[in-house]
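Enquirer: Pasting a structure below so you can have a look.
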Amino acid sequence: MKAVVQRVTRASVTVGGEQISAIGRGICVLLGISLEDTQKELEHMVRKILNLRVFEDESGKHWSKSVMDKQYEILCVSQFTLQCVLKGNKPDFHLAMPTEQAEGFYNSFLEQLRKTYRPELIK
């Protein structure tokens, strides 16, 4: 499992010109799920994302507070391309979990985030 985490003042996902979801201040997480990922890795990634200290504290000290400490929002986006392997001149996605399996796994990831944090702040 790979995750790209970015601090944002706001973020949204738009598909075909229609906004699917949006958040204010918080983090945007692009999540790439591999064939070999398990529930154990899912739980580990949830803990890491929620406790990652990427925000300032009240005194302005950098890298001191997590998204949970600040009560900020999280926007998650499934991104199979993070599992890309470059072979020659074309990308190879054989390490990415197949769509049918990945959808359930991704939903479990979101559910675990909601159980561990505040459900209304997970988009």
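Chain labels run A, B, ... following the order of the structure tokens; each chain numbers its residues from 1, and ligands are numbered from 1 in the order shown.
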Listing only residues of region 55-114 of chain A within 8 Å of region 16-39 of chain A, what is the closest atom pair and its distance in Å (to one decimal) for each, using only C-alpha atoms, sorted by chain and residue number ascending, as a tab-separated table?

Expert:
```
residue	atom	partner	partner_atom	distance
A:Val67	CA	A:Gly26	CA	6.4
A:Tyr72	CA	A:Gly26	CA	4.7
A:Glu73	CA	A:Gly26	CA	4.6
A:Ile74	CA	A:Ile27	CA	5.0
A:Leu75	CA	A:Cys28	CA	4.7
A:Cys76	CA	A:Val29	CA	4.7
A:Val77	CA	A:Leu30	CA	4.9
A:Ser78	CA	A:Leu31	CA	5.0
A:Gln79	CA	A:Gly32	CA	4.9
A:Phe80	CA	A:Gly32	CA	4.8
A:Thr81	CA	A:Gly32	CA	6.8
A:Leu82	CA	A:Gly32	CA	5.0
A:Gln83	CA	A:Gly32	CA	5.9
A:Leu95	CA	A:Ser34	CA	5.5
A:Ala96	CA	A:Ser34	CA	4.3
A:Met97	CA	A:Leu35	CA	4.3
A:Pro98	CA	A:Leu35	CA	7.5
A:Ala102	CA	A:Ile33	CA	6.8
A:Tyr106	CA	A:Ile33	CA	7.8
```

Enquirer: According to DSSP computed on the backbone, where in chain A is there alpha helix (DSSP H)? Give the residues as a ChimeraX atom specification.

Expert: /A:39-51,67-70,99-116

Enquirer: Generate the output file for the selected residues, N, CA, C and O atoms, as a short mmCIF file (atom, residue, chain, number, x, y, z; two decimals), in the first residue's frame.

Expert:
```cif
data_model
loop_
_atom_site.label_atom_id
_atom_site.label_comp_id
_atom_site.auth_asym_id
_atom_site.auth_seq_id
_atom_site.Cartn_x
_atom_site.Cartn_y
_atom_site.Cartn_z
N GLN A 39 -5.26 -6.71 5.86
CA GLN A 39 -5.94 -5.92 6.89
C GLN A 39 -4.92 -5.29 7.84
O GLN A 39 -5.08 -4.16 8.29
N LYS A 40 -3.85 -6.00 8.12
CA LYS A 40 -2.81 -5.48 9.01
C LYS A 40 -2.17 -4.22 8.42
O LYS A 40 -1.97 -3.23 9.12
N GLU A 41 -1.86 -4.24 7.12
CA GLU A 41 -1.29 -3.06 6.46
C GLU A 41 -2.30 -1.92 6.42
O GLU A 41 -1.93 -0.76 6.58
N LEU A 42 -3.56 -2.25 6.21
CA LEU A 42 -4.62 -1.24 6.20
C LEU A 42 -4.66 -0.51 7.55
O LEU A 42 -4.66 0.71 7.60
N GLU A 43 -4.67 -1.26 8.63
CA GLU A 43 -4.73 -0.67 9.97
C GLU A 43 -3.49 0.17 10.26
O GLU A 43 -3.59 1.25 10.86
N HIS A 44 -2.33 -0.32 9.82
CA HIS A 44 -1.08 0.42 9.99
C HIS A 44 -1.13 1.76 9.24
O HIS A 44 -0.75 2.80 9.79
N MET A 45 -1.62 1.74 8.01
CA MET A 45 -1.68 2.96 7.21
C MET A 45 -2.67 3.96 7.81
O MET A 45 -2.40 5.16 7.84
N VAL A 46 -3.78 3.49 8.31
CA VAL A 46 -4.76 4.37 8.96
C VAL A 46 -4.11 5.06 10.16
O VAL A 46 -4.23 6.28 10.31
N ARG A 47 -3.41 4.30 11.00
CA ARG A 47 -2.72 4.89 12.16
C ARG A 47 -1.70 5.93 11.72
O ARG A 47 -1.62 7.01 12.30
N LYS A 48 -0.92 5.60 10.71
CA LYS A 48 0.12 6.52 10.22
C LYS A 48 -0.49 7.82 9.71
O LYS A 48 -0.01 8.91 10.02
N ILE A 49 -1.52 7.72 8.89
CA ILE A 49 -2.15 8.90 8.31
C ILE A 49 -2.76 9.79 9.39
O ILE A 49 -2.57 11.00 9.39
N LEU A 50 -3.47 9.19 10.32
CA LEU A 50 -4.14 9.97 11.36
C LEU A 50 -3.16 10.62 12.35
O LEU A 50 -3.46 11.66 12.92
N ASN A 51 -2.00 10.02 12.53
CA ASN A 51 -1.04 10.52 13.51
C ASN A 51 0.15 11.25 12.91
O ASN A 51 1.02 11.72 13.65
N VAL A 67 -3.56 15.63 11.93
CA VAL A 67 -4.89 15.99 11.47
C VAL A 67 -5.92 15.78 12.59
O VAL A 67 -6.84 16.56 12.76
N MET A 68 -5.70 14.74 13.41
CA MET A 68 -6.61 14.49 14.54
C MET A 68 -6.43 15.55 15.62
O MET A 68 -7.43 16.01 16.19
N ASP A 69 -5.19 15.93 15.90
CA ASP A 69 -4.95 16.97 16.91
C ASP A 69 -5.67 18.26 16.54
O ASP A 69 -6.22 18.95 17.41
N LYS A 70 -5.66 18.60 15.25
CA LYS A 70 -6.23 19.86 14.78
C LYS A 70 -7.72 19.75 14.44
O LYS A 70 -8.38 20.74 14.17
N THR A 99 -9.71 -4.15 -9.69
CA THR A 99 -10.81 -3.25 -9.34
C THR A 99 -11.84 -3.89 -8.42
O THR A 99 -12.23 -3.29 -7.41
N GLU A 100 -12.30 -5.08 -8.75
CA GLU A 100 -13.36 -5.74 -7.98
C GLU A 100 -12.94 -5.93 -6.52
O GLU A 100 -13.71 -5.72 -5.60
N GLN A 101 -11.69 -6.34 -6.31
CA GLN A 101 -11.16 -6.59 -4.99
C GLN A 101 -10.80 -5.27 -4.29
O GLN A 101 -11.05 -5.09 -3.10
N ALA A 102 -10.22 -4.34 -5.05
CA ALA A 102 -9.74 -3.07 -4.49
C ALA A 102 -10.89 -2.21 -3.97
O ALA A 102 -10.72 -1.50 -2.97
N GLU A 103 -12.03 -2.26 -4.60
CA GLU A 103 -13.16 -1.43 -4.16
C GLU A 103 -13.56 -1.76 -2.72
O GLU A 103 -13.73 -0.88 -1.89
N GLY A 104 -13.68 -3.05 -2.43
CA GLY A 104 -14.02 -3.48 -1.07
C GLY A 104 -12.93 -3.12 -0.07
O GLY A 104 -13.21 -2.70 1.05
N PHE A 105 -11.68 -3.30 -0.49
CA PHE A 105 -10.55 -2.99 0.38
C PHE A 105 -10.50 -1.49 0.68
O PHE A 105 -10.29 -1.08 1.82
N TYR A 106 -10.71 -0.67 -0.34
CA TYR A 106 -10.72 0.79 -0.17
C TYR A 106 -11.87 1.21 0.76
O TYR A 106 -11.68 2.05 1.64
N ASN A 107 -13.03 0.61 0.59
CA ASN A 107 -14.16 0.91 1.47
C ASN A 107 -13.85 0.52 2.92
O ASN A 107 -14.25 1.22 3.86
N SER A 108 -13.12 -0.59 3.11
CA SER A 108 -12.70 -0.99 4.45
C SER A 108 -11.73 0.03 5.04
O SER A 108 -11.77 0.33 6.24
N PHE A 109 -10.86 0.57 4.19
CA PHE A 109 -9.92 1.60 4.61
C PHE A 109 -10.68 2.83 5.11
O PHE A 109 -10.40 3.36 6.19
N LEU A 110 -11.67 3.28 4.32
CA LEU A 110 -12.48 4.44 4.72
C LEU A 110 -13.23 4.15 6.02
O LEU A 110 -13.31 5.01 6.91
N GLU A 111 -13.78 2.96 6.15
CA GLU A 111 -14.52 2.59 7.35
C GLU A 111 -13.61 2.60 8.58
O GLU A 111 -14.00 3.08 9.65
N GLN A 112 -12.39 2.10 8.42
CA GLN A 112 -11.43 2.10 9.53
C GLN A 112 -11.05 3.53 9.93
O GLN A 112 -10.94 3.84 11.11
N LEU A 113 -10.87 4.41 8.93
CA LEU A 113 -10.61 5.83 9.23
C LEU A 113 -11.77 6.41 10.03
O LEU A 113 -11.56 7.12 11.03
N ARG A 114 -12.98 6.12 9.61
CA ARG A 114 -14.17 6.67 10.28
C ARG A 114 -14.32 6.14 11.71
O ARG A 114 -14.76 6.86 12.60
N LYS A 115 -13.99 4.87 11.90
CA LYS A 115 -14.08 4.28 13.24
C LYS A 115 -13.06 4.89 14.18
O LYS A 115 -13.32 5.08 15.36
N THR A 116 -11.88 5.19 13.65
CA THR A 116 -10.77 5.66 14.46
C THR A 116 -10.82 7.16 14.70
O THR A 116 -10.35 7.65 15.72
#
```

Enquirer: One decimal, in Å: what's the spacing between CA of Lys2 (chain A) and CA of Lys61 (chain A)?

Expert: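 Computing the Euclidean distance for CA of Lys2 (chain A) and CA of Lys61 (chain A) yields 27.8 Å.
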
Enquirer: Using only C-alpha atoms, which of the listed residues (A:Lys87, A:Ala11, A:Asp92, A:Phe55) sits closest to Gln71 (chain A)?

Expert: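 Result for the nearest residue to Gln71 (chain A): A:Phe55.
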
Enquirer: Please extract the residues of region 11-119 of chain A with a backbone DSSP assignment of strand (DSSP E) and present them as a VMD selection string.

Expert: chain A and resid 11 to 15 18 to 23 26 to 32 73 to 78 85 to 87 90 to 92

Enquirer: If I take CA of Val85 (chain A) and CA of Val5 (chain A), how far is one from the other in Å, to one decimal?

Expert: 20.2 Å

Enquirer: How many Å lie between CA of Ala3 (chain A) and CA of Arg53 (chain A), rounded to one decimal?

Expert: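 One can read the CA of Ala3 (chain A) to CA of Arg53 (chain A) distance as 15.1 Å.
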